[in-house]
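*Asks:* Sending over a structure as structure tokens; questions will come in a sec.
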Amino acid sequence: MVLMVKYNIFLKKGKCSRCRNSIVIQRKYSGEELCPKCFEDNIEKIIFKTISKYKMLKGNDKIIVAVSGGKDSLSLLYNLNEIQKKRFQSEPVIALTIDEGIVDYREKAIEKAKEFCNELKIEHKIVSFKEKIGYTLDEIINKKRDLPDYKYTCNYCATIRRRLLNDVAKELGGTVLAMGHNLTDMAETYLMNILYKRLHLIANQYPFKKESPKIKEFFIKKITPLMRIPEEEIFLYANIKEIQYYPSHCLYREKDPIIRKRVLDFIQECKQFSPEIEFNLLSGFLELSTVLYNQLEKGGYHSCQSCGYPCGDAQLCLYCQFLKEFNQ
């Protein structure tokens, strides 16, 4: 029998694999059945073990958490705040939100982030595209959409958002930038990189890579503590914890026919027949990134003539290329 509880989650009658409670959530990829409390505890244990296994944090780290107001980032913020207080006892975490300027979407998500940070008494920094580059994302798309060199919205947004997260996290004195990428995100990104033969990106994502002092001057260390948890389990966890997150996806992601969304749809279809597929993709990524990191020749790079950041073979990094286009 399937029941609807106050968390808006479908549960069923059964026996919890740990405490023998009679209301359970079933994990199709493992066959395990957990009651909501044991499920919640298990998710938090996975997050902590992931941080420990991949050496994501040190005792003296100042943690900046990228917070959008969605289920992933708020679940991550809650857990890192608890871990910081109980385990590492380092400086308090800081939440960092980038306001891209998407009408009828971002302001609602930011409101959820504000409320959550106020509830937990966490410092919350909000930085907008408008104040940093002079344009909102909506303005950029209105300016570029009908031009021959137009790229899909996600290309502009991801490039600018990544730079602002990195730069502002450093300005805040952070040593680590925590991102809310879950297992589904990791599998999706890995499969995209395989499809486009982006071996250098897979190598660069090796979890234990050693950055050169020059790279460290520009880029803060990024960690992904949710990388071993499927998206639907973050959804369940956030609802069980009664975290008040903003539930909708970005409007542009829904409208633009980007390859990332098609890859995600393909993974979701595969999961219907092979529920463990995301874990297999993560395992493949970890193994291949290790091999590629150790075997691919470490190439040099140019410095961007505008901002000085590393930029491969180009004269301008992609961020500065975009800024130049916007101002033409």
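Numbering starts fresh at 1 for the residues of each chain in the structure tokens, the chains themselves are lettered A, B, ... in the order given, and ligands are numbered from 1 as they appear.
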I'd like to know which residues of range 68-290 of chain A are strand (DSSP E or B) (by DSSP, run on the backbone); could you write them as an NGL selection string?

*Replies:* :A and (94-99 or 123-128 or 176-178 or 221-223)

*Asks:* Please write the residues from the selection above to a file, keeping N, CA and C atoms, as a CSV table (one decimal), in the first residue's frame.

*Replies:*
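The result, stored in part_28.csv:
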```
chain,number,residue,atom,x,y,z
A,94,ILE,N,29.9,30.4,5.1
A,94,ILE,CA,29.2,31.6,4.5
A,94,ILE,C,28.5,31.1,3.3
A,95,ALA,N,27.3,31.5,3.1
A,95,ALA,CA,26.5,31.2,1.9
A,95,ALA,C,26.7,32.3,0.9
A,96,LEU,N,26.9,31.9,-0.3
A,96,LEU,CA,27.1,32.8,-1.4
A,96,LEU,C,26.1,32.5,-2.6
A,97,THR,N,25.3,33.5,-2.9
A,97,THR,CA,24.3,33.4,-4.0
A,97,THR,C,24.6,34.3,-5.1
A,98,ILE,N,24.6,33.8,-6.3
A,98,ILE,CA,24.7,34.6,-7.5
A,98,ILE,C,23.3,34.9,-8.1
A,99,ASP,N,23.0,36.2,-8.2
A,99,ASP,CA,21.7,36.6,-8.8
A,99,ASP,C,22.0,36.9,-10.3
A,123,GLU,N,25.8,33.7,7.7
A,123,GLU,CA,26.1,34.9,6.8
A,123,GLU,C,25.8,34.6,5.4
A,124,HIS,N,25.1,35.5,4.7
A,124,HIS,CA,24.6,35.3,3.3
A,124,HIS,C,25.0,36.4,2.4
A,125,LYS,N,25.9,36.2,1.5
A,125,LYS,CA,26.3,37.2,0.5
A,125,LYS,C,25.7,37.0,-0.8
A,126,ILE,N,25.1,38.0,-1.4
A,126,ILE,CA,24.4,38.0,-2.7
A,126,ILE,C,25.1,38.9,-3.6
A,127,VAL,N,25.5,38.4,-4.8
A,127,VAL,CA,26.2,39.2,-5.8
A,127,VAL,C,25.4,39.0,-7.1
A,128,SER,N,25.2,40.1,-7.8
A,128,SER,CA,24.4,40.0,-9.1
A,128,SER,C,25.3,40.2,-10.3
A,176,VAL,N,37.7,27.1,0.5
A,176,VAL,CA,37.0,26.0,-0.2
A,176,VAL,C,35.6,26.5,-0.6
A,177,LEU,N,35.3,26.2,-1.9
A,177,LEU,CA,34.0,26.6,-2.4
A,177,LEU,C,33.2,25.3,-2.5
A,178,ALA,N,32.1,25.1,-1.8
A,178,ALA,CA,31.3,23.9,-1.8
A,178,ALA,C,30.2,24.0,-2.8
A,221,LYS,N,39.7,26.1,-4.3
A,221,LYS,CA,39.4,24.7,-4.3
A,221,LYS,C,37.9,24.4,-4.3
A,222,LYS,N,37.4,23.6,-5.1
A,222,LYS,CA,36.0,23.3,-5.2
A,222,LYS,C,35.7,21.9,-4.7
A,223,ILE,N,34.7,21.7,-3.9
A,223,ILE,CA,34.3,20.3,-3.4
A,223,ILE,C,32.8,20.1,-3.7
```

*Asks:* Quick one: residues within 10 Å of Glu276 in chain A, only C-alpha atoms counted, chain neighbours fewer than 4 positions away excluded, as a PDB file with C-alpha atoms, in the first residue's frame?

*Replies:*
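Result saved to result.pdb:
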```pdb
ATOM      1  CA  ARG A  27      16.168   2.225  -2.888  1.00  0.00           C
ATOM      2  CA  LYS A  28      15.747   0.479  -6.209  1.00  0.00           C
ATOM      3  CA  TYR A  29      19.486   0.418  -6.961  1.00  0.00           C
ATOM      4  CA  SER A  30      20.296  -1.498  -3.755  1.00  0.00           C
ATOM      5  CA  PRO A 230      21.119  10.654  -6.545  1.00  0.00           C
ATOM      6  CA  CYS A 270      18.384   4.062 -18.523  1.00  0.00           C
ATOM      7  CA  LYS A 271      17.620   4.132 -14.788  1.00  0.00           C
ATOM      8  CA  GLN A 272      14.222   2.607 -15.462  1.00  0.00           C
ATOM      9  CA  ASN A 280      28.433   3.084 -12.593  1.00  0.00           C
ATOM     10  CA  LEU A 281      29.029   6.375 -14.376  1.00  0.00           C
TER      11      LEU A 281
END
```

*Asks:* List as JSON lines every residue of range 204-315 of chain A that is in contact with range 106-122 of chain A, defined as an atom at most 10 Å from one of its atoms (using only C-alpha atoms), together with the nearest atom pair and the distance in Å rounded to one decimal, sorted by chain and then rising number.

*Replies:*
```
{"residue": "A:Ile243", "atom": "CA", "partner": "A:Phe116", "partner_atom": "CA", "distance": 8.0}
{"residue": "A:Gln244", "atom": "CA", "partner": "A:Lys112", "partner_atom": "CA", "distance": 6.7}
{"residue": "A:Tyr245", "atom": "CA", "partner": "A:Lys112", "partner_atom": "CA", "distance": 5.8}
{"residue": "A:Tyr246", "atom": "CA", "partner": "A:Ala109", "partner_atom": "CA", "distance": 5.2}
{"residue": "A:Pro247", "atom": "CA", "partner": "A:Ala109", "partner_atom": "CA", "distance": 8.4}
{"residue": "A:Ser248", "atom": "CA", "partner": "A:Ala109", "partner_atom": "CA", "distance": 8.6}
{"residue": "A:His249", "atom": "CA", "partner": "A:Ala109", "partner_atom": "CA", "distance": 9.9}
{"residue": "A:Cys250", "atom": "CA", "partner": "A:Arg106", "partner_atom": "CA", "distance": 8.1}
{"residue": "A:Leu251", "atom": "CA", "partner": "A:Arg106", "partner_atom": "CA", "distance": 9.6}
```

*Asks:* With C-alpha atoms retained, could you export that selection as an mmCIF file, in the first residue's frame?

*Replies:*
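Saved as part.cif:
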```
data_model
loop_
_atom_site.group_PDB
_atom_site.id
_atom_site.type_symbol
_atom_site.label_atom_id
_atom_site.label_comp_id
_atom_site.auth_asym_id
_atom_site.auth_seq_id
_atom_site.Cartn_x
_atom_site.Cartn_y
_atom_site.Cartn_z
ATOM 1 C CA ILE A 243 13.705 22.384 4.207
ATOM 2 C CA GLN A 244 11.795 25.210 2.533
ATOM 3 C CA TYR A 245 13.485 25.309 -0.877
ATOM 4 C CA TYR A 246 12.446 26.770 -4.225
ATOM 5 C CA PRO A 247 11.269 23.785 -6.314
ATOM 6 C CA SER A 248 11.352 25.023 -9.921
ATOM 7 C CA HIS A 249 14.141 24.652 -12.474
ATOM 8 C CA CYS A 250 15.603 27.591 -14.366
ATOM 9 C CA LEU A 251 13.254 28.782 -17.088
#
```

*Asks:* Tell me which of A:Gln305, A:Ser75, A:Gln84, A:Thr184 sits closest to Asn239 in chain A, counting only C-alpha atoms.

*Replies:*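 Checking each of A:Gln305, A:Ser75, A:Gln84, A:Thr184 against Asn239 in chain A, counting only C-alpha atoms, the winner is A:Ser75.
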
*Asks:* Can you measure CA of Asn294 in chain A to CA of Ile63 in chain A for me? One decimal in Å is fine.

*Replies:* 28.6 Å

*Asks:* Report, in Å with one decimal, the straight-line distance from CA of Glu91 in chain A to CA of Lys170 in chain A.

*Replies:*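 It comes out at 14.7 Å.
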
*Asks:* Please report, as a Markdown table, each residue of range 28-120 of chain A lying at most 10 Å from range 131-142 of chain A, together with the nearest pair of atoms and the separation in Å rounded to one decimal; use only C-alpha atoms, and order rows by chain and ascending residue number.

*Replies:*
```
| residue | atom | partner | partner_atom | distance |
| --- | --- | --- | --- | --- |
| A:Asp99 | CA | A:Thr136 | CA | 8.4 |
| A:Glu100 | CA | A:Leu137 | CA | 5.5 |
| A:Gly101 | CA | A:Thr136 | CA | 4.7 |
| A:Ile102 | CA | A:Asp138 | CA | 5.8 |
| A:Val103 | CA | A:Asp138 | CA | 7.5 |
```

*Asks:* Between CA of Pro310 in chain A and CA of Ser289 in chain A, what is the distance in Å, rounded to a tenth?

*Replies:* 21.0 Å

*Asks:* Can you tell me, as an NGL selection string, which residues in range 137-175 of chain A count as helix (DSSP H, G or I) by DSSP?

*Replies:* :A and (137-144 or 153-171)

*Asks:* Atoms to include: C-alpha atoms. Write the selected residues as a PDB file, in the first residue's frame.

*Replies:*
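Produced file result.pdb, reproduced below:
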```
ATOM      1  CA  LEU A 137      21.207  37.339 -17.848  1.00  0.00           C
ATOM      2  CA  ASP A 138      17.851  38.349 -19.323  1.00  0.00           C
ATOM      3  CA  GLU A 139      19.479  41.439 -20.835  1.00  0.00           C
ATOM      4  CA  ILE A 140      22.333  39.370 -22.251  1.00  0.00           C
ATOM      5  CA  ILE A 141      19.939  36.956 -23.955  1.00  0.00           C
ATOM      6  CA  ASN A 142      17.779  39.769 -25.338  1.00  0.00           C
ATOM      7  CA  LYS A 143      20.927  41.348 -26.761  1.00  0.00           C
ATOM      8  CA  LYS A 144      22.438  38.163 -28.233  1.00  0.00           C
ATOM      9  CA  THR A 153      21.737  30.714 -22.382  1.00  0.00           C
ATOM     10  CA  CYS A 154      23.420  28.068 -20.230  1.00  0.00           C
ATOM     11  CA  ASN A 155      26.767  28.728 -21.944  1.00  0.00           C
ATOM     12  CA  TYR A 156      26.728  32.403 -20.967  1.00  0.00           C
ATOM     13  CA  CYS A 157      25.297  31.779 -17.525  1.00  0.00           C
ATOM     14  CA  ALA A 158      27.649  28.947 -16.522  1.00  0.00           C
ATOM     15  CA  THR A 159      30.785  30.827 -17.573  1.00  0.00           C
ATOM     16  CA  ILE A 160      29.873  34.046 -15.775  1.00  0.00           C
ATOM     17  CA  ARG A 161      28.423  32.311 -12.718  1.00  0.00           C
ATOM     18  CA  ARG A 162      31.517  30.136 -12.249  1.00  0.00           C
ATOM     19  CA  ARG A 163      33.823  33.148 -12.419  1.00  0.00           C
ATOM     20  CA  LEU A 164      31.771  35.194  -9.970  1.00  0.00           C
ATOM     21  CA  LEU A 165      31.479  32.293  -7.504  1.00  0.00           C
ATOM     22  CA  ASN A 166      35.235  31.762  -7.647  1.00  0.00           C
ATOM     23  CA  ASP A 167      36.186  35.439  -7.355  1.00  0.00           C
ATOM     24  CA  VAL A 168      33.707  36.379  -4.632  1.00  0.00           C
ATOM     25  CA  ALA A 169      34.528  33.245  -2.598  1.00  0.00           C
ATOM     26  CA  LYS A 170      38.165  34.337  -2.639  1.00  0.00           C
ATOM     27  CA  GLU A 171      37.198  37.905  -1.700  1.00  0.00           C
TER      28      GLU A 171
END
```

*Asks:* Counting only C-alpha atoms, which residue out of A:Val291, A:Leu236, A:Cys307, A:Val263 sits closest to Asp72 in chain A?

*Replies:*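 Between A:Val291, A:Leu236, A:Cys307, A:Val263, the residue approaching Asp72 in chain A most closely is A:Leu236.
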